[in-house]
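In what follows, a single structure is set out as structure tokens and then discussed.
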Amino acid sequence: MPHETDALPDAWYYLRDDQERCRVLEDELVNECGSDRHPLFGQRVEAIARCETCDDVLFRILDQQSWAIVHLTWRRETNPSWPACDVMESWSSAREEMVDRGH
């Protein structure tokens, strides 16, 4: 679990002080996961951080205690490949993925 003092990679910022933005992003993810074959379909999530240079959002998957970086498309998807996401089992792996994206 990230700690308040954990630094995020450049271009990423925590959402913890903007609960309204978190709700909007969480609702958008639910809206976009239109296929039950999408890995996040039906999952309870919490928006944690966002990249300011693109539509990538870091979500914590609550029931699995894992993480997902999702590229939101801002439209309802039926292809299970979208929205694109990478699921990681640990906070350190999620942070490493944010760094690897190089934004």
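Residue numbers start at 1 in each chain; chains themselves are named A, B, ... in the order of the structure tokens; ligands are numbered from 1 in the order shown.
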
Practice task
Excluding range 28-33 of chain A and residues on its chain fewer than 2 positions from it, collect all residues at most 8 Å away from it, counting only C-alpha atoms, and give them as JSON, numbers by chain.
Solution key: {"A": [24, 25, 26, 35, 36, 38, 40, 41, 42, 72, 73, 74, 75, 76, 77, 78, 80, 82, 83]}

Practice task
Find the residues near range 44-46 of chain A: any atom within 7 Å, counting only C-alpha atoms, skip ones fewer than 5 places away on the same chain, and give them as a list in words.
Solution key: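 Using only C-alpha atoms, the neighbours found are Glu26, Phe59, Arg60, Ile61, Leu62 and Asp63 of chain A.
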
Practice task
Identify which of the residues A:Arg23, A:Asp100, A:Arg95, A:Asp17 lies closest to Leu58 in chain A, counting only C-alpha atoms when measuring atom-to-atom distances.
Solution key: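 Between A:Arg23, A:Asp100, A:Arg95, A:Asp17, the residue approaching Leu58 in chain A most closely is A:Arg95.
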
Practice task
Step one, run DSSP on the backbone; step two, keep only residues of chain A assigned to alpha helix (DSSP H); then write them as number ranges by chain.
Solution key: A: 19-32, 91-100

Exercise for the section: Kindly indicate which residue among A:Cys51, A:Gly34, A:Gln65, A:Asn79 lies nearest to Met98 in chain A, using only C-alpha atoms for the distances. Expected result: A:Cys51

Handout entry: Which of range 5-83 of chain A DSSP labels strand (DSSP E or B), written as a ChimeraX atom specification
Key = /A:12-14,33,45-51,56-61,66-71,77

Convert the current residue selection to file output with C-alpha atoms, as a compact mmCIF listing (two decimals), in the first residue's frame.
```
# COMPACT_ATOMS: atom_id res chain seq x y z
CA TRP A 12 1.93 11.27 -11.63
CA TYR A 13 0.03 12.75 -8.69
CA TYR A 14 -2.06 11.37 -5.83
CA CYS A 33 -15.67 -2.13 -18.79
CA VAL A 45 -11.63 -0.33 -7.28
CA GLU A 46 -10.28 2.82 -5.69
CA ALA A 47 -8.61 5.55 -7.76
CA ILE A 48 -5.21 6.33 -6.23
CA ALA A 49 -3.17 8.40 -8.69
CA ARG A 50 -3.32 9.87 -12.18
CA CYS A 51 -0.81 10.78 -14.84
CA ASP A 56 -3.65 6.68 -17.23
CA VAL A 57 -5.03 6.10 -13.75
CA LEU A 58 -3.67 3.91 -10.98
CA PHE A 59 -6.44 1.94 -9.27
CA ARG A 60 -6.24 -0.31 -6.25
CA ILE A 61 -8.31 -3.47 -6.81
CA SER A 66 -3.63 -5.68 -6.24
CA TRP A 67 -3.12 -2.69 -8.54
CA ALA A 68 -4.07 -1.73 -12.09
CA ILE A 69 -2.87 1.04 -14.35
CA VAL A 70 -5.69 1.77 -16.76
CA HIS A 71 -5.73 3.93 -19.87
CA GLU A 77 -16.15 -0.28 -24.63
```

Handout entry: Atomic separation - CA of Asp6 in chain A relative to CA of Ser92 in chain A, Å
Key =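 CA of Ser92 in chain A sits 10.6 Å away from CA of Asp6 in chain A.
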
Exercise for the section: To one decimal in Å, tell me the separation between CA of Arg16 in chain A and CA of Pro39 in chain A. Expected result: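 Here the two named atoms are 24.5 Å from each other.
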
Practice task
Would you work out the distance separating CA of Ala11 in chain A from CA of Glu52 in chain A, expressed in Å to one decimal?
Solution key: 5.3 Å
